[in-house]
Structure formats: C-alpha cells, structure tokens
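Listing of upload.cif, mmCIF, C-alpha atoms and all ligand atoms
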```cif
data_input
#
loop_
_atom_site.label_atom_id
_atom_site.label_comp_id
_atom_site.auth_asym_id
_atom_site.auth_seq_id
_atom_site.Cartn_x
_atom_site.Cartn_y
_atom_site.Cartn_z
CA MET T 1 95.11 165.26 -31.01
CA ASN T 2 96.50 162.74 -28.57
CA GLN T 3 94.98 159.26 -28.23
CA THR T 4 92.79 160.18 -25.25
CA LEU T 5 91.28 163.16 -27.08
CA GLU T 6 90.76 161.11 -30.22
CA LEU T 7 88.94 158.49 -28.20
CA ILE T 8 86.68 161.10 -26.60
CA HIS T 9 85.93 162.79 -29.94
CA ASN T 10 85.24 159.57 -31.86
CA ARG T 11 83.05 157.84 -29.26
CA LYS T 12 79.43 157.29 -30.14
CA SER T 13 76.62 155.45 -28.41
CA ILE T 14 76.47 151.81 -29.49
CA ARG T 15 73.10 150.05 -29.48
CA ALA T 16 73.84 146.91 -31.58
CA TYR T 17 76.36 144.40 -30.31
CA LYS T 18 78.28 141.47 -31.72
CA ASP T 19 77.33 138.19 -30.17
CA THR T 20 80.66 138.11 -28.31
CA ALA T 21 80.96 137.97 -24.55
CA ILE T 22 83.13 140.54 -22.79
CA PRO T 23 86.05 138.68 -21.20
CA GLU T 24 86.21 138.86 -17.40
CA ALA T 25 89.56 140.71 -17.52
CA GLU T 26 88.03 143.46 -19.72
CA LYS T 27 84.95 143.71 -17.52
CA GLU T 28 87.16 144.07 -14.48
CA MET T 29 89.17 146.85 -16.16
CA ILE T 30 85.94 148.73 -16.91
CA ILE T 31 84.74 148.37 -13.30
CA GLN T 32 88.12 149.31 -11.84
CA ALA T 33 88.18 152.45 -14.04
CA ALA T 34 84.73 153.39 -12.69
CA LEU T 35 85.97 152.99 -9.13
CA ARG T 36 88.89 155.38 -9.80
CA ALA T 37 86.55 158.25 -10.76
CA PRO T 38 86.63 161.42 -8.69
CA THR T 39 84.11 161.19 -5.85
CA ALA T 40 82.77 163.83 -3.47
CA GLY T 41 84.78 163.71 -0.24
CA ASN T 42 86.17 160.34 -1.39
CA LEU T 43 82.92 158.87 -0.02
CA MET T 44 82.02 156.84 -3.16
CA LEU T 45 78.33 157.70 -2.85
CA TYR T 46 77.33 155.06 -5.39
CA SER T 47 77.06 151.34 -5.95
CA ILE T 48 77.20 149.40 -9.18
CA LEU T 49 74.86 146.52 -10.03
CA ASP T 50 76.26 144.00 -12.50
CA ILE T 51 73.17 142.46 -14.13
CA THR T 52 74.11 138.94 -15.17
CA GLU T 53 70.73 137.15 -15.20
CA GLN T 54 69.27 137.10 -18.70
CA SER T 55 65.68 137.16 -17.40
CA LEU T 56 66.47 140.33 -15.43
CA LYS T 57 68.04 141.96 -18.52
CA GLU T 58 64.84 141.18 -20.42
CA ARG T 59 62.65 142.64 -17.69
CA LEU T 60 64.80 145.80 -17.62
CA ALA T 61 64.52 146.12 -21.39
CA GLU T 62 60.72 146.23 -20.88
CA THR T 63 60.68 148.56 -17.88
CA CYS T 64 63.12 150.96 -19.57
CA ASP T 65 60.71 152.02 -22.30
CA ASN T 66 60.82 148.70 -24.19
CA GLN T 67 64.31 149.18 -25.56
CA THR T 68 64.96 145.63 -26.73
CA PHE T 69 68.70 146.09 -27.35
CA ILE T 70 69.19 146.31 -23.57
CA ALA T 71 68.52 142.56 -23.27
CA ARG T 72 71.16 141.87 -25.93
CA ALA T 73 73.95 143.80 -24.17
CA PRO T 74 76.67 141.35 -23.05
CA LEU T 75 77.41 143.62 -20.09
CA LEU T 76 74.79 145.66 -18.25
CA LEU T 77 75.74 147.86 -15.30
CA ILE T 78 73.34 149.96 -13.22
CA PHE T 79 74.86 152.93 -11.41
CA LEU T 80 73.06 153.61 -8.15
CA ALA T 81 73.23 156.90 -6.30
CA ASP T 82 73.75 155.43 -2.85
CA TYR T 83 73.55 157.11 0.55
CA GLN T 84 72.19 153.94 2.16
CA ARG T 85 75.66 152.46 2.76
CA TRP T 86 76.84 155.51 4.74
CA TYR T 87 73.49 155.94 6.47
CA ASP T 88 73.56 152.31 7.64
CA HIS T 89 77.17 152.83 8.71
CA PHE T 90 76.05 155.88 10.77
CA LEU T 91 73.42 153.68 12.46
CA ALA T 92 75.95 150.90 13.06
CA SER T 93 78.35 153.47 14.54
CA GLY T 94 75.86 154.52 17.19
CA ILE T 95 75.11 157.96 15.70
CA PRO T 96 71.42 157.96 16.84
CA GLU T 97 72.54 157.43 20.47
CA LEU T 98 75.34 160.01 20.19
CA CYS T 99 72.95 162.59 18.71
CA ARG T 100 70.46 161.90 21.53
CA GLU T 101 73.21 162.38 24.15
CA ARG T 102 74.18 165.67 22.51
CA GLY T 103 70.56 166.79 22.28
CA GLN T 104 70.82 167.03 18.47
CA PRO T 105 68.35 165.59 15.98
CA MET T 106 69.99 163.02 13.71
CA ARG T 107 70.17 164.23 10.14
CA HIS T 108 68.83 161.98 7.36
CA PRO T 109 69.86 162.11 3.70
CA GLN T 110 68.12 164.95 1.88
CA GLU T 111 67.85 166.28 -1.65
CA GLY T 112 71.35 167.81 -1.72
CA ASP T 113 72.83 164.50 -0.60
CA LEU T 114 70.92 162.78 -3.38
CA LEU T 115 72.29 165.16 -6.03
CA LEU T 116 75.82 164.68 -4.76
CA ALA T 117 75.38 160.90 -4.90
CA CYS T 118 73.99 161.23 -8.45
CA CYS T 119 77.11 163.25 -9.42
CA ASP T 120 79.35 160.50 -8.03
CA ALA T 121 77.45 157.71 -9.78
CA LEU T 122 77.41 159.50 -13.16
CA ILE T 123 81.08 160.42 -13.04
CA ALA T 124 81.95 156.80 -12.26
CA ALA T 125 79.71 155.72 -15.16
CA GLN T 126 81.49 157.99 -17.61
CA ASN T 127 84.87 156.61 -16.52
CA ALA T 128 83.48 153.16 -17.36
CA VAL T 129 82.36 154.42 -20.80
CA ILE T 130 85.79 155.79 -21.63
CA ALA T 131 87.62 152.73 -20.30
CA ALA T 132 85.36 150.45 -22.38
CA GLU T 133 85.89 152.60 -25.47
CA SER T 134 89.66 152.25 -25.06
CA LEU T 135 89.17 148.45 -25.12
CA GLY T 136 87.07 148.58 -28.31
CA ILE T 137 83.86 148.03 -26.34
CA GLY T 138 80.92 150.29 -27.17
CA SER T 139 78.36 151.54 -24.68
CA CYS T 140 75.03 153.27 -24.37
CA TYR T 141 73.47 155.09 -21.41
CA ILE T 142 69.90 154.22 -20.48
CA GLY T 143 68.24 157.16 -18.75
CA ASP T 144 64.93 155.30 -18.64
CA ILE T 145 66.19 153.39 -15.60
CA MET T 146 64.88 156.44 -13.68
CA GLU T 147 61.35 155.42 -14.70
CA ASN T 148 59.17 152.86 -12.94
CA TYR T 149 60.77 153.51 -9.54
CA GLU T 150 58.42 151.19 -7.68
CA ILE T 151 59.09 148.30 -10.07
CA HIS T 152 62.87 148.79 -10.05
CA ARG T 153 62.91 149.15 -6.27
CA GLU T 154 61.29 145.74 -5.94
CA LEU T 155 63.18 144.10 -8.79
CA LEU T 156 66.61 145.21 -7.56
CA HIS T 157 65.86 145.29 -3.79
CA LEU T 158 66.63 148.97 -3.44
CA PRO T 159 66.32 150.59 0.01
CA ALA T 160 65.10 154.18 0.47
CA TYR T 161 68.45 155.94 0.04
CA VAL T 162 69.40 154.24 -3.21
CA PHE T 163 68.31 155.43 -6.64
CA PRO T 164 69.26 154.01 -10.05
CA ILE T 165 70.44 157.18 -11.77
CA THR T 166 71.71 155.49 -14.92
CA MET T 167 72.26 152.17 -16.63
CA LEU T 168 74.99 151.34 -19.14
CA CYS T 169 74.86 148.71 -21.87
CA PHE T 170 78.23 147.49 -23.13
CA GLY T 171 79.20 145.27 -26.04
CA TYR T 172 81.46 144.97 -29.06
CA PRO T 173 79.95 147.14 -31.82
CA THR T 174 78.64 145.51 -35.01
CA GLU T 175 80.34 146.53 -38.30
CA GLN T 176 77.36 148.71 -39.16
CA GLN T 177 77.73 150.56 -35.84
CA ILE T 178 81.46 151.06 -36.44
CA ARG T 179 80.73 152.60 -39.86
CA ARG T 180 77.86 154.80 -38.60
CA LYS T 181 78.73 158.50 -38.49
CA ARG T 182 78.99 160.04 -35.05
CA THR T 183 76.19 162.42 -34.03
CA GLU T 184 76.67 166.17 -34.29
CA ARG T 185 76.58 168.65 -31.44
CA LEU T 186 75.38 172.23 -31.04
CA ASP T 187 78.09 174.82 -31.68
CA ARG T 188 80.27 175.87 -28.80
CA GLU T 189 78.83 179.41 -28.81
CA PHE T 190 75.42 178.10 -27.67
CA ILE T 191 76.84 176.13 -24.78
CA VAL T 192 79.91 177.88 -23.39
CA PHE T 193 79.61 181.36 -21.84
CA GLU T 194 82.14 183.51 -20.11
CA ASN T 195 81.56 184.42 -16.45
CA SER T 196 77.78 184.70 -16.47
CA TYR T 197 74.82 182.87 -17.93
CA LYS T 198 73.39 184.07 -21.20
CA ARG T 199 69.65 183.79 -21.90
CA PHE T 200 68.80 183.55 -25.58
CA THR T 201 66.67 185.95 -27.58
CA GLY T 202 64.47 185.01 -30.53
CA GLU T 203 67.33 185.97 -32.84
CA ASP T 204 69.74 183.69 -30.96
CA PHE T 205 67.26 180.84 -31.34
CA ASP T 206 66.93 181.55 -35.07
CA ARG T 207 70.70 181.35 -35.42
CA MET T 208 70.80 178.23 -33.31
CA GLU T 209 68.08 176.57 -35.40
CA GLN T 210 70.01 177.37 -38.59
CA SER T 211 73.23 175.93 -37.22
CA MET T 212 71.58 172.75 -35.94
CA PRO T 213 71.83 169.36 -37.57
CA ALA T 214 68.55 168.70 -39.47
CA LYS T 215 67.80 165.78 -37.14
CA TYR T 216 67.08 168.18 -34.26
CA ARG T 217 64.37 169.91 -36.31
CA GLY T 218 62.68 166.65 -37.34
CA SER T 219 59.40 166.66 -39.25
CA SER T 220 58.17 169.88 -37.60
CA GLY T 221 61.13 171.81 -39.08
CA ASN T 222 61.73 173.55 -35.74
CA ALA T 223 63.80 172.12 -32.91
CA GLY T 224 61.79 173.83 -30.16
CA ARG T 225 58.55 172.19 -31.32
CA GLN T 226 60.25 168.91 -32.17
CA VAL T 227 61.97 168.53 -28.79
CA TYR T 228 58.89 169.69 -26.84
CA PHE T 229 56.54 167.12 -28.40
CA GLN T 230 58.95 164.24 -29.14
CA LYS T 231 61.03 164.35 -25.96
CA PHE T 232 60.05 166.85 -23.25
CA SER T 233 56.38 165.91 -23.12
CA ALA T 234 56.65 162.36 -24.49
CA SER T 235 55.21 159.55 -22.37
CA PHE T 236 58.67 158.42 -21.18
CA ALA T 237 59.42 161.91 -19.85
CA LEU T 238 56.09 162.06 -18.02
CA GLU T 239 56.74 158.62 -16.51
CA MET T 240 60.28 159.63 -15.49
CA ASN T 241 58.98 162.67 -13.64
CA ARG T 242 56.25 160.68 -11.91
CA SER T 243 58.78 158.04 -10.91
CA VAL T 244 61.35 160.54 -9.58
CA LYS T 245 58.63 162.24 -7.47
CA LYS T 246 57.82 158.84 -5.91
CA MET T 247 61.49 158.26 -5.19
CA LEU T 248 61.82 161.71 -3.60
CA GLU T 249 58.86 161.01 -1.30
CA ASN T 250 60.74 157.95 -0.10
CA TRP T 251 64.16 159.63 0.04
CA SER T 252 63.28 162.80 1.90
CA GLY T 253 60.18 161.52 3.69
CA GLN T 254 62.08 159.16 6.02
C1 LIG B 301 71.74 160.57 -19.36
C2 LIG B 301 71.60 159.87 -20.69
C3 LIG B 301 70.52 159.04 -20.92
C4 LIG B 301 70.41 158.36 -22.13
N1 LIG B 301 69.38 157.46 -22.32
C5 LIG B 301 69.32 156.75 -23.46
C6 LIG B 301 68.33 155.75 -23.62
O1 LIG B 301 67.50 155.48 -22.74
N2 LIG B 301 68.32 155.06 -24.78
C7 LIG B 301 69.22 155.27 -25.77
O2 LIG B 301 69.17 154.59 -26.80
N3 LIG B 301 70.19 156.22 -25.65
C8 LIG B 301 70.27 156.94 -24.51
N4 LIG B 301 71.27 157.87 -24.34
C9 LIG B 301 72.26 158.08 -25.40
C10 LIG B 301 71.98 159.40 -26.14
O3 LIG B 301 70.84 159.24 -26.93
C11 LIG B 301 73.23 159.76 -26.98
O4 LIG B 301 74.31 160.00 -26.11
C12 LIG B 301 72.96 161.00 -27.83
O5 LIG B 301 71.97 160.75 -28.79
C13 LIG B 301 74.23 161.47 -28.52
O6 LIG B 301 74.75 160.43 -29.32
P1 LIG B 301 76.23 159.87 -29.12
O7 LIG B 301 76.37 159.38 -27.72
O8 LIG B 301 76.36 158.75 -30.14
O9 LIG B 301 77.17 160.99 -29.40
C14 LIG B 301 71.39 158.55 -23.14
C15 LIG B 301 72.48 159.39 -22.88
C16 LIG B 301 72.60 160.02 -21.68
C17 LIG B 301 73.81 160.88 -21.42
#
```

Output the structure of this file as structure tokens.
Amino acid sequence: MNQTLELIHNRKSIRAYKDTAIPEAEKEMIIQAALRAPTAGNLMLYSILDITEQSLKERLAETCDNQTFIARAPLLLIFLADYQRWYDHFLASGIPELCRERGQPMRHPQEGDLLLACCDALIAAQNAVIAAESLGIGSCYIGDIMENYEIHRELLHLPAYVFPITMLCFGYPTEQQIRRKRTERLDREFIVFENSYKRFTGEDFDRMEQSMPAKYRGSSGNAGRQVYFQKFSASFALEMNRSVKKMLENWSGQ
C-alpha cells in the first residue's frame, strides 16, 4: 500500500481529543484541502462555518443529540449546502428583470439543486478529514447537525437556501483513541455489484448476518432488528426527518 491508501485504511473516527489547540497553519491546510475538492460545475455550492465561540460549541453539543465531546473539539467546522450565494448573485445580476423581459419565470433552487449542493459540501468535508488525518489530527462527522433545523437556522443565521448537511469535529487523538481498533466493515460482496443493483434474499441476509461484526447484531442478536430499533426508528432519526421536512418546506416553498 502507498501512504495515501494506508492513511485511508487506518483512519477511524476520533471522539476524544488531547487538550492541544490546532495551530493556525494546520487549520488553514485542512480548510484549503476542503476548498480543492471536486465541485459540481466548479460552482462550490457550499460554505464552511468555523465555530470558534466556546458557548456556541456547547450549544451545538446540546442540539446535536447531546454529544458532549463536540464542545471539547479544538476545531469545529460546519459544512453548509449553499445555493444562497449563487441565488443572491442571480438577483444582484438582474436575473429577475431579464427573465421578465424574456417572458420566462425565474427558477428558484429546488430539491435537485439541494442534493447537488449536499454532494459538494460532503465531498469538501471528506477532503478536510483526509487532510487532517495526514497531519495527525483526528476527526468525527456529526450527522445530527441535520436535526433541529429551526434552532440551527436561528443560531447560525442561515437563509432559506442554506442547509447544514454535516459538522466535523477535529482534534489530536488521545492515546486511548490511537490504540483503539478501527471499526470493521461489511464485506465487499454485500456492497459492490456489477452493472445492476442486486436485491437481497433471506439467504443473502443470513449470510450477511453471519459475516457481520458482532457489534452490528447487538443485544437482539440480529442486525435488522438492532438497526431498526437502535438507529432507524430512534428518537434522533425521527427528529432528523422532522427537521429535514421543515427545511424542505423552506427550500422549495420560496
Ligand atoms: C454522515 C455521518 C454522520 C455521522 N454522525 C455521527 C455522529 O453524530 N456522532 C458520532 O459520534 N459519529 C458520527 N459519525 C461517525 C460514524 O459513527 C463512524 O464513521 C462509523 O461508526 C464508522 O467508524 P469509523 O469512522 O471509525 O470507521 C458519522 C459519520 C457519518 C459519515
């Protein structure tokens, strides 16, 4: 394996950080790596919020399912899917008037635009993860930033065409985190198909269950039941879906 592949294969999410600040030069390298990520049409349909106020970190730790380690992350970046910047640029460029002259309705950002912006933001985020890893800085995604849309909108001053699709905590890993074994993954055969999608039969699921790390099966001894009750229908998942519906009303209802 080359160094890049080794880095990718050995990375693990880090949720406990040394009490060491991330030097400005390192932070800048992480941000610059994010900005070099591939982006749809080179439009950079995202913005990055660098959360530096401790009180705001603490509030986000609460609103993101009470994950206290968030407040202890020396660096906290929120990746925003962002069509507002371009939309405002359209307005500033006289597009409403031009559309009127041409007898065309002006198009507003819709669901497809949102998904494209989410792709951009997430790809930039993963570049930041890999750049940080190469500097010995660990990271952890926080999907719960998609919850509590109304609270986050107010807290972070988000306009209608901006949605926080993910948050990243960064920090130097503690010794215990360095020693911790990386998590396992499902086998390739359950994830990678050739040419067309494969739906699984009961036998496939039996094989998959047997090949899974025990952690997936949890106390119920079956991953389907475990994931359904502990993740898919857990309160955070219900809140995330409520929150995203609210955001969509705002995004596509303009
Ligand atoms: C979209 C996304 C959202 C995540 N949200 C959280 C989160 O809110 N809290 C957390 O502790 N880990 C979160 N994680 C980290 C995953 O739990 C972690 O990647 C997974 O368990 C595999 O472990 P590994 O990254 O160490 O290989 C998230 C990861 C992704 C990709």

Please build the interface table for chain T against ligand LIG 301 (chain B) with a cut-off of 7 Å, listing for each qualifying residue the nearest atom pair and the distance in Å to one decimal; count only C-alpha atoms and all ligand atoms, order rows by chain and increasing number, and write it as a tab-separated table.
```
residue	atom	partner	partner_atom	distance
T:Arg11	CA	B:LIG301	O9	6.7
T:Lys12	CA	B:LIG301	O8	3.4
T:Ser13	CA	B:LIG301	O8	3.7
T:Ile14	CA	B:LIG301	O8	7.0
T:Arg15	CA	B:LIG301	O2	6.6
T:Cys140	CA	B:LIG301	C9	5.6
T:Tyr141	CA	B:LIG301	C14	4.4
T:Ile142	CA	B:LIG301	O1	3.5
T:Gly143	CA	B:LIG301	C3	3.7
T:Asp144	CA	B:LIG301	O1	4.8
T:Thr166	CA	B:LIG301	C1	6.7
T:Arg182	CA	B:LIG301	O8	5.7
T:Thr183	CA	B:LIG301	O9	4.9
```

Using only C-alpha atoms, find each residue in range 11-80 of chain T having at least one atom no more than 8 Å away from range 122-127 of chain T; report its shortest atom-to-atom pair and that distance in Å (one decimal), rows by chain then rising number, as CSV.
```
residue,atom,partner,partner_atom,distance
T:Ile30,CA,T:Asn127,CA,8.0
T:Ala33,CA,T:Asn127,CA,5.9
T:Ala34,CA,T:Ala124,CA,4.4
T:Leu35,CA,T:Ala124,CA,6.4
T:Arg36,CA,T:Ala124,CA,7.5
T:Ala37,CA,T:Ala124,CA,5.1
T:Pro38,CA,T:Ile123,CA,7.1
T:Thr39,CA,T:Ile123,CA,7.8
T:Phe79,CA,T:Ala125,CA,6.7
```

For the residues in the current selection, export C-alpha atoms as a compact mmCIF listing (two decimals), in the coordinates of the input.
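Result written to part.txt:
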```txt
# COMPACT_ATOMS: atom_id res chain seq x y z
CA ILE T 30 85.94 148.73 -16.91
CA ALA T 33 88.18 152.45 -14.04
CA ALA T 34 84.73 153.39 -12.69
CA LEU T 35 85.97 152.99 -9.13
CA ARG T 36 88.89 155.38 -9.80
CA ALA T 37 86.55 158.25 -10.76
CA PRO T 38 86.63 161.42 -8.69
CA THR T 39 84.11 161.19 -5.85
CA PHE T 79 74.86 152.93 -11.41
```

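The space between CA of Leu77 in chain T and CA of Ala131 in chain T spans 13.8 Å.
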
Selection: 7 Å around Ala61 in chain T, all atoms listed in the file, excl. self and same-chain fewer than 5 positions, as a ChimeraX atom specification: /T:66-68,70-71

Would you mind exporting C-alpha atoms of the selected residues as a PDB file, in the coordinates of the input?
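Output file part.pdb follows:
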```pdb
ATOM      1  CA  ASN T  66      60.820 148.700 -24.190  1.00  0.00           C
ATOM      2  CA  GLN T  67      64.310 149.180 -25.560  1.00  0.00           C
ATOM      3  CA  THR T  68      64.960 145.630 -26.730  1.00  0.00           C
ATOM      4  CA  ILE T  70      69.190 146.310 -23.570  1.00  0.00           C
ATOM      5  CA  ALA T  71      68.520 142.560 -23.270  1.00  0.00           C
TER       6      ALA T  71
END
```

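Across the structure, CA of Leu76 in chain T and CA of Lys181 in chain T are spaced 24.3 Å apart.
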
Answer as a ChimeraX atom specification, residues within 10 Å of (80.4, 164.6, -1.9) using only C-alpha atoms: /T:38-45,112-120

Within 12 Å of file point (65.3, 152.3, -3.2), counting all atoms listed in the file, expressed as an MDAnalysis selection string: chainID T and resid 80:85 114 146 148:165 243:244 246:252 254

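For the choices T:Ile22, T:Asn241, T:Trp86, T:Glu111, the atom-to-atom distance to Tyr46 in chain T is smallest for T:Trp86 when using only C-alpha atoms.
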
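Among T:Ala237, T:Ile78, T:Ala121, T:Met29, the residue with the shortest atom-to-atom distance to Cys169 in chain T, counting only C-alpha atoms, is T:Ile78.
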
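Between CA of Ala73 in chain T and CA of Phe170 in chain T the separation is 5.7 Å.
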
Surrounding residues of Glu133 in chain T excluding itself and chain neighbours under 5 positions, 9 Å, all atoms listed in the file, as a PDB file with C-alpha atoms, in the frame of the given file:
```pdb
ATOM      1  CA  LEU T   7      88.940 158.490 -28.200  1.00  0.00           C
ATOM      2  CA  ILE T   8      86.680 161.100 -26.600  1.00  0.00           C
ATOM      3  CA  ARG T  11      83.050 157.840 -29.260  1.00  0.00           C
ATOM      4  CA  ALA T 128      83.480 153.160 -17.360  1.00  0.00           C
ATOM      5  CA  GLY T 138      80.920 150.290 -27.170  1.00  0.00           C
ATOM      6  CA  SER T 139      78.360 151.540 -24.680  1.00  0.00           C
TER       7      SER T 139
END
```

Please, could N, CA and C atoms be added to range 150-185 of chain T and the result written as a PDB file, in the frame of the given file?
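Written file, selection22.pdb:
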```pdb
ATOM      1  N   GLU T 150      58.950 152.221  -8.576  1.00  0.00           N
ATOM      2  CA  GLU T 150      58.420 151.190  -7.680  1.00  0.00           C
ATOM      3  C   GLU T 150      58.805 149.787  -8.174  1.00  0.00           C
ATOM      4  N   ILE T 151      58.753 149.609  -9.495  1.00  0.00           N
ATOM      5  CA  ILE T 151      59.090 148.300 -10.070  1.00  0.00           C
ATOM      6  C   ILE T 151      60.580 148.010  -9.873  1.00  0.00           C
ATOM      7  N   HIS T 152      61.422 149.000 -10.170  1.00  0.00           N
ATOM      8  CA  HIS T 152      62.870 148.790 -10.050  1.00  0.00           C
ATOM      9  C   HIS T 152      63.287 148.579  -8.599  1.00  0.00           C
ATOM     10  N   ARG T 153      62.592 149.289  -7.696  1.00  0.00           N
ATOM     11  CA  ARG T 153      62.910 149.150  -6.270  1.00  0.00           C
ATOM     12  C   ARG T 153      62.712 147.693  -5.828  1.00  0.00           C
ATOM     13  N   GLU T 154      61.593 147.121  -6.310  1.00  0.00           N
ATOM     14  CA  GLU T 154      61.290 145.740  -5.940  1.00  0.00           C
ATOM     15  C   GLU T 154      62.209 144.745  -6.657  1.00  0.00           C
ATOM     16  N   LEU T 155      62.377 145.003  -7.950  1.00  0.00           N
ATOM     17  CA  LEU T 155      63.180 144.100  -8.790  1.00  0.00           C
ATOM     18  C   LEU T 155      64.629 144.007  -8.310  1.00  0.00           C
ATOM     19  N   LEU T 156      65.172 145.156  -7.884  1.00  0.00           N
ATOM     20  CA  LEU T 156      66.610 145.210  -7.560  1.00  0.00           C
ATOM     21  C   LEU T 156      66.862 145.309  -6.044  1.00  0.00           C
ATOM     22  N   HIS T 157      65.768 145.232  -5.270  1.00  0.00           N
ATOM     23  CA  HIS T 157      65.860 145.290  -3.790  1.00  0.00           C
ATOM     24  C   HIS T 157      66.522 146.579  -3.314  1.00  0.00           C
ATOM     25  N   LEU T 158      66.001 147.699  -3.773  1.00  0.00           N
ATOM     26  CA  LEU T 158      66.630 148.970  -3.440  1.00  0.00           C
ATOM     27  C   LEU T 158      66.019 149.563  -2.162  1.00  0.00           C
ATOM     28  N   PRO T 159      66.844 149.889  -1.166  1.00  0.00           N
ATOM     29  CA  PRO T 159      66.320 150.590   0.010  1.00  0.00           C
ATOM     30  C   PRO T 159      66.075 152.076  -0.298  1.00  0.00           C
ATOM     31  N   ALA T 160      65.571 152.808   0.716  1.00  0.00           N
ATOM     32  CA  ALA T 160      65.100 154.180   0.470  1.00  0.00           C
ATOM     33  C   ALA T 160      66.176 155.126  -0.059  1.00  0.00           C
ATOM     34  N   TYR T 161      67.410 154.972   0.421  1.00  0.00           N
ATOM     35  CA  TYR T 161      68.450 155.940   0.040  1.00  0.00           C
ATOM     36  C   TYR T 161      69.332 155.441  -1.094  1.00  0.00           C
ATOM     37  N   VAL T 162      68.701 154.733  -2.016  1.00  0.00           N
ATOM     38  CA  VAL T 162      69.400 154.240  -3.210  1.00  0.00           C
ATOM     39  C   VAL T 162      68.514 154.528  -4.419  1.00  0.00           C
ATOM     40  N   PHE T 163      69.089 155.136  -5.433  1.00  0.00           N
ATOM     41  CA  PHE T 163      68.310 155.430  -6.640  1.00  0.00           C
ATOM     42  C   PHE T 163      69.116 155.106  -7.894  1.00  0.00           C
ATOM     43  N   PRO T 164      68.530 154.331  -8.806  1.00  0.00           N
ATOM     44  CA  PRO T 164      69.260 154.010 -10.050  1.00  0.00           C
ATOM     45  C   PRO T 164      69.275 155.230 -10.971  1.00  0.00           C
ATOM     46  N   ILE T 165      70.389 155.930 -10.994  1.00  0.00           N
ATOM     47  CA  ILE T 165      70.440 157.180 -11.770  1.00  0.00           C
ATOM     48  C   ILE T 165      70.768 156.920 -13.232  1.00  0.00           C
ATOM     49  N   THR T 166      71.494 155.831 -13.510  1.00  0.00           N
ATOM     50  CA  THR T 166      71.710 155.490 -14.920  1.00  0.00           C
ATOM     51  C   THR T 166      72.058 154.023 -15.073  1.00  0.00           C
ATOM     52  N   MET T 167      71.862 153.554 -16.310  1.00  0.00           N
ATOM     53  CA  MET T 167      72.260 152.170 -16.630  1.00  0.00           C
ATOM     54  C   MET T 167      73.136 152.254 -17.874  1.00  0.00           C
ATOM     55  N   LEU T 168      74.121 151.364 -17.961  1.00  0.00           N
ATOM     56  CA  LEU T 168      74.990 151.340 -19.140  1.00  0.00           C
ATOM     57  C   LEU T 168      74.980 149.952 -19.768  1.00  0.00           C
ATOM     58  N   CYS T 169      74.737 149.948 -21.081  1.00  0.00           N
ATOM     59  CA  CYS T 169      74.860 148.710 -21.870  1.00  0.00           C
ATOM     60  C   CYS T 169      76.251 148.731 -22.497  1.00  0.00           C
ATOM     61  N   PHE T 170      76.913 147.600 -22.492  1.00  0.00           N
ATOM     62  CA  PHE T 170      78.230 147.490 -23.130  1.00  0.00           C
ATOM     63  C   PHE T 170      78.247 146.287 -24.065  1.00  0.00           C
ATOM     64  N   GLY T 171      79.008 146.418 -25.150  1.00  0.00           N
ATOM     65  CA  GLY T 171      79.200 145.270 -26.040  1.00  0.00           C
ATOM     66  C   GLY T 171      80.096 145.678 -27.193  1.00  0.00           C
ATOM     67  N   TYR T 172      80.634 144.673 -27.888  1.00  0.00           N
ATOM     68  CA  TYR T 172      81.460 144.970 -29.060  1.00  0.00           C
ATOM     69  C   TYR T 172      80.541 145.442 -30.184  1.00  0.00           C
ATOM     70  N   PRO T 173      80.848 146.599 -30.788  1.00  0.00           N
ATOM     71  CA  PRO T 173      79.950 147.140 -31.820  1.00  0.00           C
ATOM     72  C   PRO T 173      79.920 146.281 -33.084  1.00  0.00           C
ATOM     73  N   THR T 174      78.750 146.187 -33.710  1.00  0.00           N
ATOM     74  CA  THR T 174      78.640 145.510 -35.010  1.00  0.00           C
ATOM     75  C   THR T 174      79.353 146.382 -36.061  1.00  0.00           C
ATOM     76  N   GLU T 175      79.638 145.781 -37.227  1.00  0.00           N
ATOM     77  CA  GLU T 175      80.340 146.530 -38.300  1.00  0.00           C
ATOM     78  C   GLU T 175      79.536 147.765 -38.693  1.00  0.00           C
ATOM     79  N   GLN T 176      78.217 147.587 -38.759  1.00  0.00           N
ATOM     80  CA  GLN T 176      77.360 148.710 -39.160  1.00  0.00           C
ATOM     81  C   GLN T 176      77.500 149.864 -38.160  1.00  0.00           C
ATOM     82  N   GLN T 177      77.586 149.522 -36.887  1.00  0.00           N
ATOM     83  CA  GLN T 177      77.730 150.560 -35.840  1.00  0.00           C
ATOM     84  C   GLN T 177      79.086 151.252 -35.948  1.00  0.00           C
ATOM     85  N   ILE T 178      80.115 150.468 -36.297  1.00  0.00           N
ATOM     86  CA  ILE T 178      81.460 151.060 -36.440  1.00  0.00           C
ATOM     87  C   ILE T 178      81.449 152.072 -37.586  1.00  0.00           C
ATOM     88  N   ARG T 179      80.739 151.718 -38.681  1.00  0.00           N
ATOM     89  CA  ARG T 179      80.730 152.600 -39.860  1.00  0.00           C
ATOM     90  C   ARG T 179      79.832 153.820 -39.667  1.00  0.00           C
ATOM     91  N   ARG T 180      78.837 153.710 -38.794  1.00  0.00           N
ATOM     92  CA  ARG T 180      77.860 154.800 -38.600  1.00  0.00           C
ATOM     93  C   ARG T 180      78.585 156.102 -38.210  1.00  0.00           C
ATOM     94  N   LYS T 181      78.115 157.204 -38.822  1.00  0.00           N
ATOM     95  CA  LYS T 181      78.730 158.500 -38.490  1.00  0.00           C
ATOM     96  C   LYS T 181      78.401 158.893 -37.063  1.00  0.00           C
ATOM     97  N   ARG T 182      79.296 159.582 -36.411  1.00  0.00           N
ATOM     98  CA  ARG T 182      78.990 160.040 -35.050  1.00  0.00           C
ATOM     99  C   ARG T 182      77.928 161.148 -35.134  1.00  0.00           C
ATOM    100  N   THR T 183      77.221 161.372 -34.038  1.00  0.00           N
ATOM    101  CA  THR T 183      76.190 162.420 -34.030  1.00  0.00           C
ATOM    102  C   THR T 183      76.862 163.790 -33.936  1.00  0.00           C
ATOM    103  N   GLU T 184      76.113 164.808 -34.369  1.00  0.00           N
ATOM    104  CA  GLU T 184      76.670 166.170 -34.290  1.00  0.00           C
ATOM    105  C   GLU T 184      76.253 166.827 -32.985  1.00  0.00           C
ATOM    106  N   ARG T 185      76.894 167.902 -32.648  1.00  0.00           N
ATOM    107  CA  ARG T 185      76.580 168.650 -31.440  1.00  0.00           C
ATOM    108  C   ARG T 185      76.239 170.100 -31.801  1.00  0.00           C
TER     109      ARG T 185
END
```
